[in-house]
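Chemist: Input file: coords.tsv. Contents: TSV, C-alpha atoms and all ligand atoms.
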```
chain	number	residue	atom	x	y	z
A	1	MET	CA	55.04	117.39	114.25
A	2	ALA	CA	55.55	115.67	110.90
A	3	ALA	CA	58.59	113.41	110.64
A	4	ALA	CA	61.57	115.09	108.99
A	5	GLN	CA	61.86	114.47	105.29
A	6	THR	CA	64.59	111.94	104.49
A	7	SER	CA	64.41	111.61	100.73
A	8	LEU	CA	63.77	113.77	97.72
A	9	THR	CA	63.37	112.95	94.03
A	10	ILE	CA	63.81	115.72	91.48
A	11	PRO	CA	64.18	115.86	87.71
A	12	ARG	CA	67.85	115.37	86.86
A	13	PRO	CA	69.56	118.72	87.51
A	14	ASP	CA	71.66	120.89	85.20
A	15	ASP	CA	74.64	123.09	85.97
A	16	TRP	CA	74.24	126.46	84.26
A	17	HIS	CA	77.86	127.54	84.87
A	18	LEU	CA	80.71	125.04	84.81
A	19	HIS	CA	84.47	125.04	84.17
A	20	LEU	CA	85.72	121.75	82.73
A	21	ARG	CA	89.13	122.96	81.49
A	22	ASP	CA	90.97	120.81	78.95
A	23	GLY	CA	93.57	118.04	78.71
A	24	ALA	CA	94.26	115.99	81.84
A	25	MET	CA	92.10	118.22	84.05
A	26	LEU	CA	89.13	117.71	81.72
A	27	GLN	CA	89.60	113.94	82.01
A	28	THR	CA	89.55	114.27	85.80
A	29	VAL	CA	86.57	116.56	86.30
A	30	ALA	CA	84.17	115.90	83.40
A	31	PRO	CA	83.03	112.49	84.73
A	32	VAL	CA	82.36	114.06	88.14
A	33	SER	CA	79.85	116.55	86.73
A	34	ALA	CA	78.39	114.02	84.29
A	35	ALA	CA	77.60	111.63	87.14
A	36	HIS	CA	75.00	114.06	88.51
A	37	PHE	CA	74.13	116.67	85.92
A	38	ALA	CA	72.40	116.02	82.61
A	39	ARG	CA	73.65	119.23	80.99
A	40	ALA	CA	75.98	122.08	81.78
A	41	ILE	CA	76.78	125.47	80.34
A	42	ILE	CA	80.48	125.10	79.63
A	43	MET	CA	82.60	128.16	80.30
A	44	PRO	CA	84.96	129.07	77.45
A	45	ASN	CA	87.91	130.50	79.43
A	46	LEU	CA	90.48	128.03	78.17
A	47	VAL	CA	93.96	129.07	77.08
A	48	PRO	CA	93.50	130.09	74.29
A	49	PRO	CA	89.80	130.90	74.83
A	50	VAL	CA	86.95	129.30	72.86
A	51	VAL	CA	86.07	132.17	70.56
A	52	THR	CA	84.79	130.59	67.34
A	53	GLY	CA	82.06	128.10	66.54
A	54	ALA	CA	84.70	125.71	65.18
A	55	GLN	CA	86.65	125.83	68.46
A	56	ALA	CA	83.44	125.23	70.46
A	57	ALA	CA	82.59	122.20	68.28
A	58	ALA	CA	86.05	120.71	68.80
A	59	TYR	CA	85.92	121.36	72.56
A	60	ARG	CA	82.50	119.73	72.75
A	61	GLU	CA	83.94	116.57	71.17
A	62	ARG	CA	86.77	116.51	73.71
A	63	ILE	CA	84.24	116.83	76.55
A	64	LEU	CA	82.05	114.03	75.17
A	65	ALA	CA	85.12	111.80	74.88
A	66	ALA	CA	86.05	112.59	78.50
A	67	VAL	CA	82.60	111.69	79.89
A	68	GLY	CA	82.53	108.37	78.06
A	69	LYS	CA	79.19	106.57	78.35
A	70	ALA	CA	77.58	108.98	80.80
A	71	GLN	CA	74.55	110.84	79.50
A	72	PHE	CA	75.75	114.40	79.52
A	73	GLU	CA	75.12	117.24	77.11
A	74	PRO	CA	77.70	120.05	77.13
A	75	LEU	CA	75.96	123.31	76.29
A	76	MET	CA	78.68	125.28	74.59
A	77	THR	CA	79.45	128.98	74.93
A	78	LEU	CA	81.67	131.40	73.06
A	79	TYR	CA	84.09	133.79	74.72
A	80	LEU	CA	83.24	137.32	73.65
A	81	THR	CA	86.17	139.41	72.42
A	82	GLU	CA	86.30	142.82	70.82
A	83	THR	CA	86.83	141.09	67.47
A	84	THR	CA	84.09	138.45	67.77
A	85	ASN	CA	82.27	138.08	64.49
A	86	ALA	CA	78.45	138.41	64.67
A	87	ASP	CA	77.89	136.06	61.71
A	88	ASP	CA	80.01	133.33	63.29
A	89	VAL	CA	78.08	133.68	66.56
A	90	ALA	CA	74.73	133.57	64.74
A	91	ALA	CA	75.74	130.52	62.70
A	92	ALA	CA	76.97	128.67	65.80
A	93	ALA	CA	73.71	129.47	67.60
A	94	GLU	CA	71.46	128.60	64.69
A	95	SER	CA	73.16	125.22	64.25
A	96	GLY	CA	72.23	124.47	67.89
A	97	LEU	CA	75.88	124.15	68.94
A	98	VAL	CA	76.20	127.30	71.01
A	99	LYS	CA	73.70	128.18	73.73
A	100	ALA	CA	75.22	131.42	75.07
A	101	VAL	CA	78.07	133.90	74.78
A	102	LYS	CA	80.20	134.81	77.81
A	103	LEU	CA	81.25	138.34	78.59
A	104	TYR	CA	84.37	138.67	80.72
A	105	PRO	CA	85.48	142.19	81.43
A	106	ALA	CA	89.20	142.05	80.57
A	107	GLY	CA	91.21	141.16	83.67
A	108	ALA	CA	88.21	140.29	85.85
A	109	THR	CA	89.15	136.67	86.52
A	110	THR	CA	90.99	133.49	85.44
A	111	ASN	CA	91.99	133.70	81.76
A	112	SER	CA	90.03	136.86	81.06
A	113	ASP	CA	92.80	138.84	79.36
A	114	ALA	CA	91.16	138.44	75.96
A	115	GLY	CA	87.90	139.83	77.36
A	116	VAL	CA	86.13	143.09	76.65
A	117	ARG	CA	87.64	146.49	77.48
A	118	ASP	CA	85.22	148.70	75.55
A	119	ILE	CA	81.59	147.54	75.47
A	120	GLU	CA	80.89	149.78	72.46
A	121	LYS	CA	83.05	147.46	70.36
A	122	VAL	CA	80.79	144.46	71.01
A	123	VAL	CA	77.42	146.18	70.62
A	124	PRO	CA	76.90	144.87	67.04
A	125	VAL	CA	77.36	141.27	68.27
A	126	LEU	CA	75.03	141.91	71.22
A	127	GLU	CA	72.37	143.37	68.92
A	128	ARG	CA	72.54	140.29	66.75
A	129	MET	CA	72.25	138.07	69.83
A	130	ALA	CA	69.18	140.02	70.92
A	131	GLN	CA	67.61	139.45	67.49
A	132	ILE	CA	68.13	135.69	67.62
A	133	GLY	CA	67.42	135.31	71.35
A	134	LEU	CA	70.90	134.06	72.27
A	135	PRO	CA	71.65	134.75	75.96
A	136	LEU	CA	74.70	136.66	77.18
A	137	CYS	CA	76.29	135.26	80.35
A	138	VAL	CA	77.98	138.06	82.24
A	139	HIS	CA	80.84	138.03	84.70
A	140	GLY	CA	79.55	141.08	86.54
A	141	GLU	CA	82.55	142.79	88.08
A	142	VAL	CA	84.31	146.00	87.13
A	143	THR	CA	88.07	145.69	86.84
A	144	ASN	CA	89.01	149.29	87.60
A	145	GLY	CA	91.85	149.08	90.13
A	146	GLU	CA	90.41	151.93	92.18
A	147	ILE	CA	87.24	150.01	92.99
A	148	ASP	CA	87.43	147.89	96.12
A	149	ILE	CA	87.17	144.19	95.28
A	150	PHE	CA	84.15	143.79	97.58
A	151	ASP	CA	82.30	146.55	95.65
A	152	ARG	CA	83.07	145.39	92.13
A	153	GLU	CA	79.78	143.60	91.51
A	154	ALA	CA	77.55	146.39	92.79
A	155	VAL	CA	79.52	148.99	90.79
A	156	PHE	CA	79.28	146.82	87.66
A	157	ILE	CA	75.49	146.79	87.89
A	158	GLU	CA	75.31	150.57	88.03
A	159	THR	CA	78.03	151.52	85.61
A	160	VAL	CA	78.05	148.69	83.05
A	161	LEU	CA	75.02	146.41	83.22
A	162	GLU	CA	72.26	148.98	83.51
A	163	PRO	CA	73.63	151.10	80.62
A	164	LEU	CA	74.15	147.92	78.57
A	165	ARG	CA	70.57	146.79	79.10
A	166	LYS	CA	69.34	150.22	77.98
A	167	ARG	CA	71.62	150.13	74.94
A	168	VAL	CA	70.48	146.63	73.83
A	169	PRO	CA	67.04	146.23	75.42
A	170	GLY	CA	66.11	142.90	73.83
A	171	LEU	CA	69.24	141.11	75.01
A	172	ARG	CA	68.67	138.14	77.32
A	173	ILE	CA	71.22	138.27	80.13
A	174	VAL	CA	72.32	135.88	82.87
A	175	MET	CA	74.24	137.56	85.65
A	176	GLU	CA	76.62	134.80	86.60
A	177	HIS	CA	77.49	133.76	90.16
A	178	ILE	CA	75.83	136.69	91.92
A	179	THR	CA	77.25	137.45	95.35
A	180	THR	CA	75.36	140.47	96.65
A	181	ALA	CA	71.92	141.54	97.82
A	182	GLN	CA	72.15	144.33	95.23
A	183	ALA	CA	72.49	141.82	92.41
A	184	ALA	CA	69.58	139.71	93.67
A	185	ASP	CA	67.37	142.79	93.88
A	186	TYR	CA	68.50	144.01	90.48
A	187	VAL	CA	67.57	140.67	88.90
A	188	ARG	CA	64.16	140.77	90.57
A	189	SER	CA	63.51	144.20	89.11
A	190	GLY	CA	64.84	143.33	85.67
A	191	GLY	CA	61.96	141.73	83.78
A	192	ASP	CA	61.86	138.45	81.89
A	193	ASN	CA	65.10	138.98	79.97
A	194	LEU	CA	67.25	138.99	83.11
A	195	ALA	CA	68.20	136.01	85.27
A	196	ALA	CA	71.04	134.99	87.58
A	197	THR	CA	72.98	131.91	88.52
A	198	ILE	CA	73.95	131.31	92.13
A	199	THR	CA	76.79	129.01	93.18
A	200	THR	CA	76.68	126.45	95.95
A	201	HIS	CA	79.68	127.93	97.72
A	202	HIS	CA	78.23	131.44	97.91
A	203	LEU	CA	75.26	129.96	99.81
A	204	ILE	CA	77.69	128.49	102.34
A	205	ILE	CA	80.61	130.83	102.90
A	206	ASN	CA	80.96	134.51	103.64
A	207	ARG	CA	84.22	136.43	103.71
A	208	ASN	CA	84.84	135.57	107.35
A	209	HIS	CA	84.99	131.89	106.47
A	210	MET	CA	87.79	132.76	104.04
A	211	LEU	CA	89.76	135.14	106.25
A	212	VAL	CA	89.18	134.60	109.98
A	213	GLY	CA	91.70	132.44	111.84
A	214	GLY	CA	93.97	132.10	108.83
A	215	ILE	CA	93.57	132.54	105.11
A	216	ARG	CA	91.77	129.64	103.48
A	217	PRO	CA	92.75	129.57	99.84
A	218	HIS	CA	90.18	126.96	98.86
A	219	TYR	CA	87.44	129.48	99.71
A	220	TYR	CA	88.96	132.10	97.43
A	221	CYS	CA	86.88	132.54	94.30
A	222	LEU	CA	85.66	135.34	92.09
A	223	PRO	CA	83.49	137.19	92.67
A	224	VAL	CA	84.89	136.97	96.17
A	225	ALA	CA	82.50	135.96	98.98
A	226	LYS	CA	80.95	139.00	100.66
A	227	ARG	CA	79.49	139.85	104.09
A	228	GLU	CA	77.04	137.57	105.87
A	229	GLU	CA	74.06	139.77	104.96
A	230	HIS	CA	74.78	139.04	101.30
A	231	ARG	CA	75.06	135.30	101.85
A	232	LEU	CA	71.65	135.42	103.53
A	233	ALA	CA	70.21	137.43	100.64
A	234	LEU	CA	71.51	134.80	98.21
A	235	ARG	CA	69.95	132.04	100.28
A	236	LYS	CA	66.65	133.86	100.09
A	237	ALA	CA	66.93	134.21	96.34
A	238	ALA	CA	67.94	130.58	95.74
A	239	THR	CA	65.41	128.99	98.08
A	240	GLY	CA	62.50	131.37	97.60
A	241	GLY	CA	61.02	129.73	94.52
A	242	GLU	CA	61.69	132.69	92.21
A	243	ALA	CA	62.04	131.47	88.63
A	244	ARG	CA	64.84	133.78	87.54
A	245	PHE	CA	67.40	132.32	89.96
A	246	PHE	CA	68.99	128.99	89.15
A	247	LEU	CA	72.02	126.83	89.88
A	248	GLY	CA	75.34	127.57	88.25
A	249	THR	CA	78.01	125.92	90.38
A	250	ASP	CA	80.97	127.78	88.88
A	251	SER	CA	82.84	124.64	89.89
A	252	ALA	CA	86.33	125.74	88.91
A	253	PRO	CA	89.13	123.21	89.44
A	254	HIS	CA	92.73	124.29	89.94
A	255	PRO	CA	95.60	122.04	91.02
A	256	THR	CA	95.97	122.25	94.79
A	257	ASP	CA	99.48	123.72	94.59
A	258	LEU	CA	98.14	126.64	92.56
A	259	LYS	CA	95.48	127.32	95.21
A	260	GLU	CA	97.82	126.94	98.19
A	261	ASN	CA	100.21	129.46	96.73
A	262	ALA	CA	101.59	132.94	97.41
A	263	CYS	CA	99.30	134.10	94.58
A	264	GLY	CA	96.53	131.54	94.74
A	265	CYS	CA	94.07	130.97	91.89
A	266	ALA	CA	90.37	131.79	92.25
A	267	GLY	CA	87.88	128.96	92.17
A	268	CYS	CA	86.09	126.37	94.30
A	269	PHE	CA	85.71	122.79	93.06
A	270	THR	CA	82.17	121.89	94.08
A	271	ALA	CA	80.96	119.60	91.28
A	272	LEU	CA	81.39	116.50	93.43
A	273	ASN	CA	79.30	117.46	96.47
A	274	THR	CA	77.11	120.29	95.18
A	275	MET	CA	73.82	118.40	95.17
A	276	SER	CA	74.38	117.07	98.71
A	277	LEU	CA	75.32	120.52	99.95
A	278	LEU	CA	72.34	122.13	98.26
A	279	ALA	CA	69.98	119.64	99.89
A	280	HIS	CA	71.60	120.54	103.22
A	281	VAL	CA	71.17	124.28	102.58
A	282	PHE	CA	67.61	124.02	101.29
A	283	GLU	CA	66.66	121.86	104.28
A	284	GLU	CA	68.17	124.44	106.64
A	285	GLU	CA	66.01	127.06	104.96
A	286	GLY	CA	62.89	124.86	105.25
A	287	ALA	CA	62.72	124.83	101.46
A	288	LEU	CA	63.55	121.31	100.27
A	289	ASP	CA	60.54	121.56	97.97
A	290	LYS	CA	62.21	124.50	96.18
A	291	LEU	CA	65.41	122.63	95.25
A	292	GLU	CA	63.71	121.18	92.17
A	293	GLY	CA	62.97	124.63	90.76
A	294	PHE	CA	66.45	125.94	91.49
A	295	ALA	CA	68.45	122.96	90.19
A	296	SER	CA	66.18	121.38	87.58
A	297	ARG	CA	63.47	123.70	86.27
A	298	ASN	CA	64.29	127.40	86.31
A	299	GLY	CA	67.42	127.12	84.17
A	300	PRO	CA	65.83	125.23	81.28
A	301	ALA	CA	62.87	127.61	81.40
A	302	PHE	CA	65.15	130.62	80.89
A	303	TYR	CA	67.23	128.92	78.18
A	304	GLY	CA	64.12	127.63	76.38
A	305	LEU	CA	65.09	123.98	76.84
A	306	PRO	CA	63.02	121.04	78.15
A	307	VAL	CA	63.33	119.82	81.72
A	308	ASN	CA	65.36	116.59	81.80
A	309	ASP	CA	63.53	113.27	81.60
A	310	GLY	CA	65.69	111.48	84.14
A	311	THR	CA	65.56	111.84	87.90
A	312	MET	CA	67.89	112.21	90.84
A	313	ARG	CA	67.05	110.73	94.21
A	314	LEU	CA	68.65	112.24	97.28
A	315	VAL	CA	68.50	110.55	100.66
A	316	LYS	CA	69.34	111.75	104.13
A	317	ARG	CA	71.67	109.24	105.78
A	318	ASP	CA	71.98	108.52	109.50
A	319	LYS	CA	75.70	109.19	109.36
A	320	PRO	CA	77.60	112.01	107.66
A	321	VAL	CA	78.51	111.37	104.05
A	322	ASN	CA	82.25	111.06	103.46
A	323	PHE	CA	83.34	112.91	100.35
A	324	PRO	CA	86.89	112.45	99.07
A	325	ALA	CA	89.10	115.36	100.09
A	326	THR	CA	90.74	115.38	96.68
A	327	ILE	CA	90.17	114.14	93.14
A	328	ALA	CA	93.56	113.72	91.45
A	329	ASP	CA	95.37	116.96	92.32
A	330	VAL	CA	92.21	119.01	92.91
A	331	THR	CA	90.93	119.78	96.40
A	332	VAL	CA	87.20	119.21	96.84
A	333	PHE	CA	85.24	122.07	98.44
A	334	ASP	CA	84.91	121.47	102.18
A	335	PRO	CA	81.80	123.23	103.52
A	336	GLY	CA	83.09	123.13	107.09
A	337	PHE	CA	80.11	121.13	108.37
A	338	GLU	CA	78.89	117.55	108.16
A	339	THR	CA	76.48	116.67	105.39
A	340	PHE	CA	73.94	113.87	105.69
A	341	TRP	CA	72.32	114.26	102.27
A	342	ASP	CA	73.60	111.89	99.63
A	343	VAL	CA	72.85	111.40	95.96
A	344	GLU	CA	71.50	107.86	95.88
A	345	THR	CA	70.74	107.48	92.19
A	346	THR	CA	70.82	109.53	89.04
A	347	ILE	CA	68.97	107.99	86.09
B	1	LIG	O1	86.44	131.68	91.06
B	1	LIG	C1	86.40	131.71	89.85
B	1	LIG	N1	87.09	130.81	89.09
B	1	LIG	N2	85.70	132.65	89.25
B	1	LIG	C2	85.72	132.82	87.93
B	1	LIG	O2	85.08	133.73	87.46
B	1	LIG	C3	86.56	131.98	87.06
B	1	LIG	C4	86.88	130.71	87.70
B	1	LIG	C5	88.00	129.97	87.00
B	1	LIG	O3	87.96	129.83	85.78
B	1	LIG	O4	88.90	129.51	87.68
B	2	ZN	ZN	83.05	130.79	86.25
```
I need this file expressed as structure tokens, please.
Ligand code: DOR
Ligand code: ZN
Modeler:
Amino acid sequence: MAAAQTSLTIPRPDDWHLHLRDGAMLQTVAPVSAAHFARAIIMPNLVPPVVTGAQAAAYRERILAAVGKAQFEPLMTLYLTETTNADDVAAAAESGLVKAVKLYPAGATTNSDAGVRDIEKVVPVLERMAQIGLPLCVHGEVTNGEIDIFDREAVFIETVLEPLRKRVPGLRIVMEHITTAQAADYVRSGGDNLAATITTHHLIINRNHMLVGGIRPHYYCLPVAKREEHRLALRKAATGGEARFFLGTDSAPHPTDLKENACGCAGCFTALNTMSLLAHVFEEEGALDKLEGFASRNGPAFYGLPVNDGTMRLVKRDKPVNFPATIADVTVFDPGFETFWDVETTI
């Protein structure tokens, strides 16, 4: 038997779905992502949301100031509202500033109140995006109170996404943070204009981890973790070498007291240990050689960007790696198992 692999060098990875927030939280979390990732798609769900090109440009400057000397390129997005202006979107894309637009169904998640209630109202913007090849990142959950929270992604595919793709066939779409076997299969059947991000935490936890033996608020995120069969389907999608699945951590920091709360916020803060945890997961699946595609190659291919020049070297230590439990007032995602993979260098 060949000796177990104990190191891995990949092109520097990117995070295709990241929440950096603003103000003090931005100062805390931006350097954490910039230490490992060369680029990240920056989610626009600030308060107030990033809806115009001018707001995205100003936010980008605040992010660059927060990362200091680290080499990190924030790939900006605009928050789609029912009054978003197609010319503003096109200008922001053509200048190179904005790399995607984010669709939040109103009420679906953190700071989504300004999101879309009636898709018909945003069709002109989506048509323009299709013309210029600007991707739409989709939070794929229906918000109808009658639909069970565990079914919201699957129902979204049938009742919103499929009709939307028929209505605007040329639109490039990323289904963000998929959590179900249905979503993985839908992406596989969707042709070259459809892709999906998968988070680290959805490869690790199912809903039992969140709810059995006590409620664990740091595992609460949206879309909520599903049954084990879905976690396994996501693992297959992420580690199977299929080009239309790539890493989007959805690392979403909240102060610990707002997570450990009678009405706790949704989000897992995984930016710090994501690459170690992914190496652990990919090794478990016998697919360490596929991590490079998932974290470093498939995303740029879909977004039409080059693979990063730098590299990341991961090594498997003899002893478990100790990650800090908290960064400032944010609790770091605890996978519930020991991790031996460590990021040795990022250059
Ligand atoms: O868990 C989540 N947290 N899911 C989202 O869609 C939003 C995010 C946040 O911004 O906190
Ligand atoms: Zn998110």
Chemist: Hey, what's within 12 Å of Val155 of chain A if we count all atoms listed in the file and toss same-chain stuff fewer than 2 positions away? As a ChimeraX atom specification, please?
Modeler: /A:140-144,146-153,157-163,180,182-183
Chemist: Ligand ZN 2 (chain B): which residues are within 8 Å, counting only C-alpha atoms and all ligand atoms, as a ChimeraX atom specification?
Modeler: /A:17-19,43,139,176-177,222,250-252,267
Chemist: Which of these, A:Ala35, A:Ala225, A:Ala24, A:Ala66, has the shortest distance to ligand LIG 1 (chain B) once you count only C-alpha atoms and all ligand atoms?
Modeler: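 Smallest separation from ligand LIG 1 (chain B) among the options: A:Ala225.
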Chemist: Record the distance separating atom CA of Leu211 of chain A and atom N1 of ligand LIG 1 (chain B), expressed in Å with one decimal.
Modeler: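 That distance, rounded to one decimal, is 17.9 Å.
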Chemist: Figure out the distance between atom CA of Leu8 of chain A and atom CA of Leu203 of chain A, please, to one decimal in Å.
Modeler: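 Going from atom CA of Leu203 of chain A over to atom CA of Leu8 of chain A covers 20.0 Å.
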Chemist: Could you check the closest approach to ligand LIG 1 (chain B) for each of A:Leu46, A:Ala266, A:Ala237, A:Leu75 and tell me which residue wins, using only C-alpha atoms and all ligand atoms?
Modeler: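 When distances to ligand LIG 1 (chain B) are compared using only C-alpha atoms and all ligand atoms, the smallest one comes from A:Ala266.
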Chemist: Out of A:Tyr79, A:Phe37, A:Tyr186, A:Tyr219, which residue has the shortest atom-to-atom distance to ligand LIG 1 (chain B) when counting only C-alpha atoms and all ligand atoms?
Modeler: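 Once distances to ligand LIG 1 (chain B) are computed over only C-alpha atoms and all ligand atoms, the minimum belongs to A:Tyr219.
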Chemist: Which one is closest to ligand LIG 1 (chain B): A:Arg117, A:Arg216, A:Arg317, A:Arg21? Count all atoms listed in the file.
Modeler: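 With all atoms listed in the file as the atom set, the closest residue is A:Arg21.
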